[in-house]
Amino acid sequence: MPVTPASLPRERAIGEREFVVLMATLMALQALSIDSMLPALPQIAGDLGAGDPNRRQLVIGVYLLGSALGALFPGALADRFGRRPVLFGALGLYCAFALVCSVVTDFTALLVARGLQALLSAGLTVLPSAIVRDRFSGDRMARMLSTTALVFMAVPMVAPSFGQAVLLFAGWRWIFGATAFLSLLVMLWVWLRLPETLNPANRQPVHLRTITGNMAEALRERSATGYVIGAGILWSGLFGYLNSSQQLIAELFGAGDRFPLIFAGMAGGMAFANLTNSRIVERFGARRVSHTALFAFTAVAVLQVWRAFGGHEGLWDFVALMGAQMCLIAFMGANFTAIALQPFGRTAGAAASAQMFVRTALSSVLGIAIGQAYDGSARNLSLALLGGGLSALALVLYSERGRLFRRLNPPATVRR
């Protein structure tokens with residue numbers, strides 16, 4: 001039974017709505033460090049001497065990869081010391097390295113600082129899932145994760161516009177300064193309002209054998225493995241798009257200064273999909289919703305390949321199809337995560353770390369490769385999305401032993 005807010009010095013219990021917004025905000029800091037950079041990439045590359053246009057993508061790709069590597073550690077630490085101390089450490093390091101990024105004078109130094117920032121603050125993406133798992137289970141957990149993702153998606157909608165707004169009044173370095181300031185505000189919020197959610201009986205010793213055993217268990221479980229790897233492959237297409245989105249939309253398809261607005265609109269569709277998922281997942285079940293979305297994703301990917309290789313793809317063709325894919329990923333993301341975490345109530349932190357590491361490392365490495373394969377067209381991206389859909393389908397079939405659309409976990413209540 002987790003420690004309740006009433007047993008802590010901070011008297012008033014955090015409500016469900018505030019809890020969701022706080023979890024989303026923690027995750028959103030990482031998204032802000034990615035998406036707010038997009039309009040500034042040409043200026044950053046010019047000021048710091050990055051010649052190859054594709055090299056500027058590494059400002060995004062290195063951060064994603066650092067987040068993946070960093071995901072190995074915070075979950076196990078949080079299973080031993082509690083969620084709050086690890087969150088404070090992640091927030092402090094996020095702030096410190098954001099300030100370092102704001103003063104670098106060399107492109108390679110910026111990439112190193114970005115990688116370290118992502119590596120050392122990865123708890124901001126790992127721990128919200130573990131904290132939700134501390135309090136919820138089953139399809140109720142899937143609904144809470146989807147609702148958290150809905151609030152979280154407000155950041156990709158506004159982050160490029162936020163970065164563009166900063167550039168109107170100051171240089172790109174001030175974007176990093178602004179994210180550092182926001183992380184301090186979130187740290188204060190966590191200190192005042194978030195109780196410890198780890199059940200004392202579930203504290204795990206910090207022994208290498210125990211940590212690796214818990215992580216290995218989270219990856220060996222057949223019912224989780226296909227969902228973890230499948231999600232990583234699916235998200236690699238999204239990350240590949242994210243890495244090259246400024247080149248694709250602003251340059252190839254000629255959107256120019258409309259890029260932040262178009263990006264925000266596509267992210268808005270993803271947010272709406274998360275809202276819809278949060279409303280329907282308890283009724284239909286995480287498996288039924290996500291399996292349907294996976295088939296639809298693969299079908300849309302076929303259309304993308306057809307349009308990309310047809311030679312007549314325009315801005316709005318690309319935006320409509322890619323926007324549809326982002327919405328379908330939203331119907332899979334939270335549900336895949338909930339399904340994969342469901343078997344690991346006692347070791348949710350280690351399981352979240354191990355699964356986040358595999359998922360994000362795979363999507364980051366493949367996403368960098370997809371982005372670097374940009375050749376002045378959307379062909380390679382479309383092929384990557386189709387391959388991702390087919391691969392994820394095969395992996396989900398493996399986890400489900402060939403039986404899709406089942407409902408194994410009916411709606412559950414708050415864990416008390």
# chains A, B, ... in the order shown; residues from 1 in each chain; ligands from 1

$ residues_around --residues "A:Ala308" --least-positions-apart "2" --cutoff "7 Å" --atoms "only C-alpha atoms" --output "VMD selection string"
chain A and resid 304 to 306 310 to 311 313 378 to 379 382

$ write_last_selection --atoms "C-alpha atoms" --output "mmCIF file, in the first residue's frame"
data_model
loop_
_atom_site.group_PDB
_atom_site.id
_atom_site.type_symbol
_atom_site.label_atom_id
_atom_site.label_comp_id
_atom_site.auth_asym_id
_atom_site.auth_seq_id
_atom_site.Cartn_x
_atom_site.Cartn_y
_atom_site.Cartn_z
ATOM 1 C CA GLN A 304 2.259 7.464 -47.774
ATOM 2 C CA VAL A 305 4.580 5.285 -49.841
ATOM 3 C CA TRP A 306 2.253 5.608 -52.833
ATOM 4 C CA GLY A 310 4.222 9.145 -57.112
ATOM 5 C CA GLY A 311 6.177 12.346 -57.667
ATOM 6 C CA GLU A 313 3.140 14.930 -53.203
ATOM 7 C CA ALA A 378 9.650 12.084 -48.093
ATOM 8 C CA ARG A 379 10.303 8.685 -49.689
ATOM 9 C CA SER A 382 7.366 6.767 -45.834
#

$ residues_around --residues "stretch 268-275 of chain A" --least-positions-apart "3" --cutoff "9 Å" --atoms "only C-alpha atoms" --output "list in words"
Ser146, Thr147, Thr148, Ala149, Leu150, Val151, Phe152, Met153, Ala154, Pro156, Met157, Phe263, Ala264, Gly265, Ser278, Arg279, Ile280, Gly323, Ala324, Gln325, Met326, Cys327, Leu328, Ile329, Ala330, Phe331 and Ala334 of chain A

$ write_last_selection --atoms "C-alpha atoms" --output "short mmCIF file (atom, residue, chain, number, x, y, z; two decimals), in the first residue's frame"
data_model
loop_
_atom_site.label_atom_id
_atom_site.label_comp_id
_atom_site.auth_asym_id
_atom_site.auth_seq_id
_atom_site.Cartn_x
_atom_site.Cartn_y
_atom_site.Cartn_z
CA SER A 146 -3.50 8.54 -22.00
CA THR A 147 -4.91 11.52 -20.09
CA THR A 148 -1.38 12.42 -19.02
CA ALA A 149 -0.26 12.18 -22.65
CA LEU A 150 -3.17 14.44 -23.64
CA VAL A 151 -2.01 17.22 -21.32
CA PHE A 152 1.61 16.53 -22.28
CA MET A 153 0.76 17.03 -25.96
CA ALA A 154 0.00 20.69 -25.32
CA PRO A 156 4.59 19.96 -28.79
CA MET A 157 1.70 22.12 -29.98
CA PHE A 263 3.63 21.54 -36.56
CA ALA A 264 1.30 22.74 -33.80
CA GLY A 265 -1.75 21.67 -35.79
CA SER A 278 -8.66 8.36 -22.60
CA ARG A 279 -12.44 8.35 -23.07
CA ILE A 280 -12.76 4.98 -24.80
CA GLY A 323 -0.88 13.95 -39.12
CA ALA A 324 -3.06 10.83 -39.35
CA GLN A 325 -0.06 8.68 -38.41
CA MET A 326 0.68 10.86 -35.38
CA CYS A 327 -2.94 10.44 -34.24
CA LEU A 328 -2.75 6.67 -34.64
CA ILE A 329 0.51 6.54 -32.67
CA ALA A 330 -1.35 8.33 -29.88
CA PHE A 331 -3.87 5.46 -29.78
CA ALA A 334 -0.10 4.97 -23.74
#

$ closest_residue --among "A:Ser102, A:Gln355, A:Thr298, A:Asn202" --to "A:Ile339" --atoms "only C-alpha atoms"
A:Gln355

$ residues_around --residues "A:Ser353" --least-positions-apart "5" --cutoff "9 Å" --atoms "only C-alpha atoms" --output "ChimeraX atom specification"
/A:70-76,123,126-127,130,215,348,358

$ residues_around --residues "stretch 54-60 of chain A" --least-positions-apart "6" --cutoff "6 Å" --atoms "only C-alpha atoms" --output "PyMOL selection string"
chain A and resi 34+45+243

$ write_last_selection --atoms "C-alpha atoms" --output "compact mmCIF listing (two decimals), in the first residue's frame"
# COMPACT_ATOMS: atom_id res chain seq x y z
CA ILE A 34 13.28 19.07 -28.16
CA ALA A 45 23.96 25.59 -36.98
CA ASN A 243 14.48 15.14 -36.73

$ atom_distance --atom1 "atom CA of A:Thr360" --atom2 "atom CA of A:Arg258"
29.4 Å

$ atom_distance --atom1 "atom CA of A:Leu252" --atom2 "atom CA of A:Ile44"
19.8 Å

$ residues_around --residues "A:Arg288" --least-positions-apart "4" --cutoff "10 Å" --atoms "only C-alpha atoms" --output "ChimeraX atom specification"
/A:281,283-284,292-293,335,404-407

$ write_last_selection --atoms "all heavy atoms" --output "PDB file, in the first residue's frame"
ATOM      1  N   VAL A 281     -10.785   3.957 -23.735  1.00  0.00           N
ATOM      2  CA  VAL A 281      -9.956   2.789 -23.439  1.00  0.00           C
ATOM      3  C   VAL A 281     -10.541   1.920 -22.325  1.00  0.00           C
ATOM      4  O   VAL A 281     -10.429   0.688 -22.370  1.00  0.00           O
ATOM      5  CB  VAL A 281      -8.511   3.229 -23.105  1.00  0.00           C
ATOM      6  CG1 VAL A 281      -8.438   3.969 -21.768  1.00  0.00           C
ATOM      7  CG2 VAL A 281      -7.572   2.029 -23.095  1.00  0.00           C
ATOM      8  N   ARG A 283     -13.658   1.493 -21.797  1.00  0.00           N
ATOM      9  CA  ARG A 283     -14.841   0.824 -22.346  1.00  0.00           C
ATOM     10  C   ARG A 283     -14.455  -0.350 -23.239  1.00  0.00           C
ATOM     11  O   ARG A 283     -15.056  -1.428 -23.166  1.00  0.00           O
ATOM     12  CB  ARG A 283     -15.681   1.829 -23.129  1.00  0.00           C
ATOM     13  CG  ARG A 283     -16.924   1.210 -23.762  1.00  0.00           C
ATOM     14  CD  ARG A 283     -17.729   2.245 -24.503  1.00  0.00           C
ATOM     15  NE  ARG A 283     -18.894   1.640 -25.157  1.00  0.00           N
ATOM     16  CZ  ARG A 283     -19.735   2.301 -25.943  1.00  0.00           C
ATOM     17  NH1 ARG A 283     -19.546   3.600 -26.167  1.00  0.00           N
ATOM     18  NH2 ARG A 283     -20.745   1.673 -26.513  1.00  0.00           N
ATOM     19  N   PHE A 284     -13.473  -0.145 -24.098  1.00  0.00           N
ATOM     20  CA  PHE A 284     -13.131  -1.171 -25.090  1.00  0.00           C
ATOM     21  C   PHE A 284     -11.886  -1.977 -24.731  1.00  0.00           C
ATOM     22  O   PHE A 284     -11.688  -3.070 -25.265  1.00  0.00           O
ATOM     23  CB  PHE A 284     -12.938  -0.527 -26.465  1.00  0.00           C
ATOM     24  CG  PHE A 284     -14.174   0.122 -27.006  1.00  0.00           C
ATOM     25  CD1 PHE A 284     -14.302   1.501 -27.009  1.00  0.00           C
ATOM     26  CD2 PHE A 284     -15.221  -0.643 -27.495  1.00  0.00           C
ATOM     27  CE1 PHE A 284     -15.445   2.113 -27.504  1.00  0.00           C
ATOM     28  CE2 PHE A 284     -16.370  -0.051 -27.993  1.00  0.00           C
ATOM     29  CZ  PHE A 284     -16.490   1.337 -27.999  1.00  0.00           C
ATOM     30  N   THR A 292      -6.418  -2.091 -33.191  1.00  0.00           N
ATOM     31  CA  THR A 292      -7.127  -1.450 -34.303  1.00  0.00           C
ATOM     32  C   THR A 292      -6.290  -0.316 -34.885  1.00  0.00           C
ATOM     33  O   THR A 292      -6.167  -0.173 -36.108  1.00  0.00           O
ATOM     34  CB  THR A 292      -8.483  -0.914 -33.826  1.00  0.00           C
ATOM     35  OG1 THR A 292      -9.267  -1.989 -33.297  1.00  0.00           O
ATOM     36  CG2 THR A 292      -9.245  -0.250 -34.971  1.00  0.00           C
ATOM     37  N   ALA A 293      -5.696   0.492 -34.011  1.00  0.00           N
ATOM     38  CA  ALA A 293      -4.870   1.606 -34.471  1.00  0.00           C
ATOM     39  C   ALA A 293      -3.654   1.108 -35.239  1.00  0.00           C
ATOM     40  O   ALA A 293      -3.217   1.741 -36.219  1.00  0.00           O
ATOM     41  CB  ALA A 293      -4.422   2.452 -33.283  1.00  0.00           C
ATOM     42  N   ASN A 335      -1.330   2.999 -24.474  1.00  0.00           N
ATOM     43  CA  ASN A 335      -1.867   1.649 -24.307  1.00  0.00           C
ATOM     44  C   ASN A 335      -0.766   0.598 -24.349  1.00  0.00           C
ATOM     45  O   ASN A 335      -0.766  -0.354 -23.554  1.00  0.00           O
ATOM     46  CB  ASN A 335      -2.911   1.369 -25.389  1.00  0.00           C
ATOM     47  CG  ASN A 335      -4.124   2.260 -25.247  1.00  0.00           C
ATOM     48  OD1 ASN A 335      -4.481   2.669 -24.151  1.00  0.00           O
ATOM     49  ND2 ASN A 335      -4.762   2.583 -26.360  1.00  0.00           N
ATOM     50  N   LEU A 404      -5.266 -11.476 -31.252  1.00  0.00           N
ATOM     51  CA  LEU A 404      -5.420 -10.039 -31.094  1.00  0.00           C
ATOM     52  C   LEU A 404      -6.822  -9.693 -30.585  1.00  0.00           C
ATOM     53  O   LEU A 404      -7.723 -10.531 -30.575  1.00  0.00           O
ATOM     54  CB  LEU A 404      -5.157  -9.329 -32.420  1.00  0.00           C
ATOM     55  CG  LEU A 404      -3.772  -9.535 -33.044  1.00  0.00           C
ATOM     56  CD1 LEU A 404      -3.663  -8.780 -34.360  1.00  0.00           C
ATOM     57  CD2 LEU A 404      -2.663  -9.107 -32.085  1.00  0.00           C
ATOM     58  N   PHE A 405      -6.972  -8.444 -30.147  1.00  0.00           N
ATOM     59  CA  PHE A 405      -8.257  -7.850 -29.768  1.00  0.00           C
ATOM     60  C   PHE A 405      -8.881  -8.492 -28.532  1.00  0.00           C
ATOM     61  O   PHE A 405     -10.076  -8.338 -28.285  1.00  0.00           O
ATOM     62  CB  PHE A 405      -9.256  -7.908 -30.942  1.00  0.00           C
ATOM     63  CG  PHE A 405      -8.753  -7.245 -32.188  1.00  0.00           C
ATOM     64  CD1 PHE A 405      -8.309  -7.999 -33.262  1.00  0.00           C
ATOM     65  CD2 PHE A 405      -8.710  -5.861 -32.282  1.00  0.00           C
ATOM     66  CE1 PHE A 405      -7.839  -7.393 -34.415  1.00  0.00           C
ATOM     67  CE2 PHE A 405      -8.255  -5.239 -33.435  1.00  0.00           C
ATOM     68  CZ  PHE A 405      -7.811  -6.010 -34.502  1.00  0.00           C
ATOM     69  N   ARG A 406      -8.078  -9.191 -27.717  1.00  0.00           N
ATOM     70  CA  ARG A 406      -8.606  -9.740 -26.467  1.00  0.00           C
ATOM     71  C   ARG A 406      -8.700  -8.655 -25.411  1.00  0.00           C
ATOM     72  O   ARG A 406      -8.052  -7.619 -25.505  1.00  0.00           O
ATOM     73  CB  ARG A 406      -7.713 -10.870 -25.959  1.00  0.00           C
ATOM     74  CG  ARG A 406      -7.681 -12.094 -26.858  1.00  0.00           C
ATOM     75  CD  ARG A 406      -6.817 -13.172 -26.242  1.00  0.00           C
ATOM     76  NE  ARG A 406      -5.424 -12.772 -26.126  1.00  0.00           N
ATOM     77  CZ  ARG A 406      -4.521 -13.388 -25.370  1.00  0.00           C
ATOM     78  NH1 ARG A 406      -4.874 -14.408 -24.629  1.00  0.00           N
ATOM     79  NH2 ARG A 406      -3.273 -12.971 -25.347  1.00  0.00           N
ATOM     80  N   ARG A 407      -9.470  -8.912 -24.381  1.00  0.00           N
ATOM     81  CA  ARG A 407      -9.517  -8.010 -23.228  1.00  0.00           C
ATOM     82  C   ARG A 407      -9.172  -8.800 -21.984  1.00  0.00           C
ATOM     83  O   ARG A 407      -9.978  -9.589 -21.483  1.00  0.00           O
ATOM     84  CB  ARG A 407     -10.881  -7.361 -23.084  1.00  0.00           C
ATOM     85  CG  ARG A 407     -10.883  -6.336 -21.937  1.00  0.00           C
ATOM     86  CD  ARG A 407     -11.998  -5.349 -22.052  1.00  0.00           C
ATOM     87  NE  ARG A 407     -11.707  -4.201 -21.221  1.00  0.00           N
ATOM     88  CZ  ARG A 407     -12.556  -3.216 -20.997  1.00  0.00           C
ATOM     89  NH1 ARG A 407     -13.752  -3.238 -21.546  1.00  0.00           N
ATOM     90  NH2 ARG A 407     -12.206  -2.211 -20.228  1.00  0.00           N
TER      91      ARG A 407
END

$ closest_residue --among "A:Phe136, A:Gly314, A:Arg222, A:Gly388" --to "A:Ala255" --atoms "only C-alpha atoms"
A:Gly314

$ closest_residue --among "A:Leu381, A:Gly232, A:Phe336, A:Gly49" --to "A:Thr105" --atoms "only C-alpha atoms"
A:Gly49

$ closest_residue --among "A:Gln30, A:Thr347, A:Gln247, A:Ser223" --to "A:Gln204" --atoms "only C-alpha atoms"
A:Thr347

$ closest_residue --among "A:Phe162, A:Phe259, A:Tyr94, A:Tyr374" --to "A:Val319" --atoms "only C-alpha atoms"
A:Phe259

$ select_by_dssp --residues "stretch 132-340 of chain A" --states "alpha helix (DSSP H)" --output "PyMOL selection string"
chain A and resi 132-135+138-152+154-169+173-193+208-220+222-245+259-284+286-310+315-340

$ closest_residue --among "A:Ala301, A:Pro205, A:His291, A:Leu120" --to "A:Arg403" --atoms "only C-alpha atoms"
A:His291

$ atom_distance --atom1 "atom CA of A:Thr337" --atom2 "atom CA of A:Leu242"
20.9 Å

$ residues_around --residues "A:Pro260" --least-positions-apart "6" --cutoff "12 Å" --atoms "only C-alpha atoms" --output "PyMOL selection string"
chain A and resi 35-40+156-165+245-246+249-250+266-268

$ residues_around --residues "A:Ser129" --least-positions-apart "2" --cutoff "9 Å" --atoms "only C-alpha atoms" --output "MDAnalysis selection string"
chainID A and resid 23 125:127 131:134 145 337:338 341 348:349 352

$ write_last_selection --atoms "all heavy atoms" --output "CSV table (one decimal), in the first residue's frame"
chain,number,residue,atom,x,y,z
A,23,MET,N,2.2,15.1,-13.7
A,23,MET,CA,2.9,14.1,-14.4
A,23,MET,C,3.2,14.5,-15.8
A,23,MET,O,4.3,14.3,-16.4
A,23,MET,CB,2.1,12.8,-14.4
A,23,MET,CG,1.9,12.1,-13.0
A,23,MET,SD,3.4,11.7,-12.2
A,23,MET,CE,3.6,13.1,-11.1
A,125,THR,N,11.1,11.4,-17.7
A,125,THR,CA,10.3,10.7,-18.6
A,125,THR,C,10.0,9.3,-18.1
A,125,THR,O,8.9,8.7,-18.4
A,125,THR,CB,10.9,10.5,-20.0
A,125,THR,OG1,12.2,10.1,-19.9
A,125,THR,CG2,10.9,11.9,-20.7
A,126,VAL,N,10.9,8.7,-17.3
A,126,VAL,CA,10.7,7.4,-16.7
A,126,VAL,C,9.7,7.4,-15.5
A,126,VAL,O,8.8,6.5,-15.5
A,126,VAL,CB,12.1,6.8,-16.3
A,126,VAL,CG1,11.9,5.5,-15.6
A,126,VAL,CG2,13.0,6.6,-17.5
A,127,LEU,N,9.9,8.3,-14.6
A,127,LEU,CA,9.2,8.2,-13.3
A,127,LEU,C,7.7,8.4,-13.4
A,127,LEU,O,7.0,7.9,-12.6
A,127,LEU,CB,9.9,9.0,-12.3
A,127,LEU,CG,11.3,8.6,-11.9
A,127,LEU,CD1,11.9,9.4,-10.8
A,127,LEU,CD2,11.3,7.1,-11.5
A,131,ILE,N,5.1,6.3,-11.3
A,131,ILE,CA,4.2,6.9,-10.3
A,131,ILE,C,2.8,6.6,-10.6
A,131,ILE,O,2.0,6.2,-9.7
A,131,ILE,CB,4.5,8.4,-10.2
A,131,ILE,CG1,5.9,8.7,-9.7
A,131,ILE,CG2,3.4,9.1,-9.4
A,131,ILE,CD1,6.3,10.1,-9.8
A,132,VAL,N,2.4,6.6,-11.9
A,132,VAL,CA,1.0,6.2,-12.2
A,132,VAL,C,0.8,4.8,-11.9
A,132,VAL,O,-0.3,4.4,-11.4
A,132,VAL,CB,0.8,6.5,-13.7
A,132,VAL,CG1,-0.6,5.9,-14.2
A,132,VAL,CG2,0.8,8.0,-14.0
A,133,ARG,N,1.8,3.9,-12.2
A,133,ARG,CA,1.6,2.5,-11.9
A,133,ARG,C,1.5,2.2,-10.4
A,133,ARG,O,0.8,1.3,-9.9
A,133,ARG,CB,2.8,1.7,-12.4
A,133,ARG,CG,2.7,0.2,-12.2
A,133,ARG,CD,1.5,-0.4,-12.9
A,133,ARG,NE,1.4,-1.8,-12.6
A,133,ARG,CZ,0.7,-2.3,-11.6
A,133,ARG,NH1,0.1,-1.5,-10.8
A,133,ARG,NH2,0.5,-3.6,-11.5
A,134,ASP,N,2.1,3.1,-9.6
A,134,ASP,CA,2.0,3.0,-8.1
A,134,ASP,C,0.5,3.2,-7.7
A,134,ASP,O,0.1,2.6,-6.7
A,134,ASP,CB,2.8,4.1,-7.4
A,134,ASP,CG,4.3,3.8,-7.5
A,134,ASP,OD1,4.7,2.6,-7.7
A,134,ASP,OD2,5.1,4.8,-7.3
A,145,LEU,N,-2.6,7.1,-18.2
A,145,LEU,CA,-1.5,7.4,-19.0
A,145,LEU,C,-1.9,8.2,-20.2
A,145,LEU,O,-1.2,9.1,-20.7
A,145,LEU,CB,-0.7,6.1,-19.4
A,145,LEU,CG,0.0,5.5,-18.2
A,145,LEU,CD1,0.5,4.1,-18.7
A,145,LEU,CD2,1.2,6.3,-17.8
A,337,THR,N,2.3,1.1,-23.5
A,337,THR,CA,3.0,1.3,-22.2
A,337,THR,C,2.3,0.6,-21.1
A,337,THR,O,2.9,-0.1,-20.2
A,337,THR,CB,3.3,2.7,-21.9
A,337,THR,OG1,4.0,3.3,-23.0
A,337,THR,CG2,4.0,2.9,-20.6
A,338,ALA,N,1.0,0.8,-21.0
A,338,ALA,CA,0.2,0.2,-19.9
A,338,ALA,C,0.2,-1.3,-20.0
A,338,ALA,O,0.3,-2.0,-18.9
A,338,ALA,CB,-1.2,0.8,-19.9
A,341,LEU,N,3.6,-2.6,-18.8
A,341,LEU,CA,3.9,-2.4,-17.4
A,341,LEU,C,3.0,-3.2,-16.4
A,341,LEU,O,3.3,-3.4,-15.3
A,341,LEU,CB,3.8,-0.9,-17.0
A,341,LEU,CG,5.0,0.0,-17.2
A,341,LEU,CD1,4.7,1.4,-16.8
A,341,LEU,CD2,6.2,-0.5,-16.4
A,348,ALA,N,7.8,-1.6,-10.4
A,348,ALA,CA,7.4,-0.7,-11.5
A,348,ALA,C,8.5,0.3,-11.9
A,348,ALA,O,8.6,0.6,-13.1
A,348,ALA,CB,6.2,0.1,-11.1
A,349,GLY,N,9.3,0.7,-11.0
A,349,GLY,CA,10.4,1.7,-11.3
A,349,GLY,C,11.4,1.0,-12.3
A,349,GLY,O,11.8,1.5,-13.3
A,352,ALA,N,9.8,0.2,-15.6
A,352,ALA,CA,9.7,1.4,-16.4
A,352,ALA,C,11.0,1.9,-17.0
A,352,ALA,O,11.1,2.3,-18.2
A,352,ALA,CB,9.1,2.6,-15.6
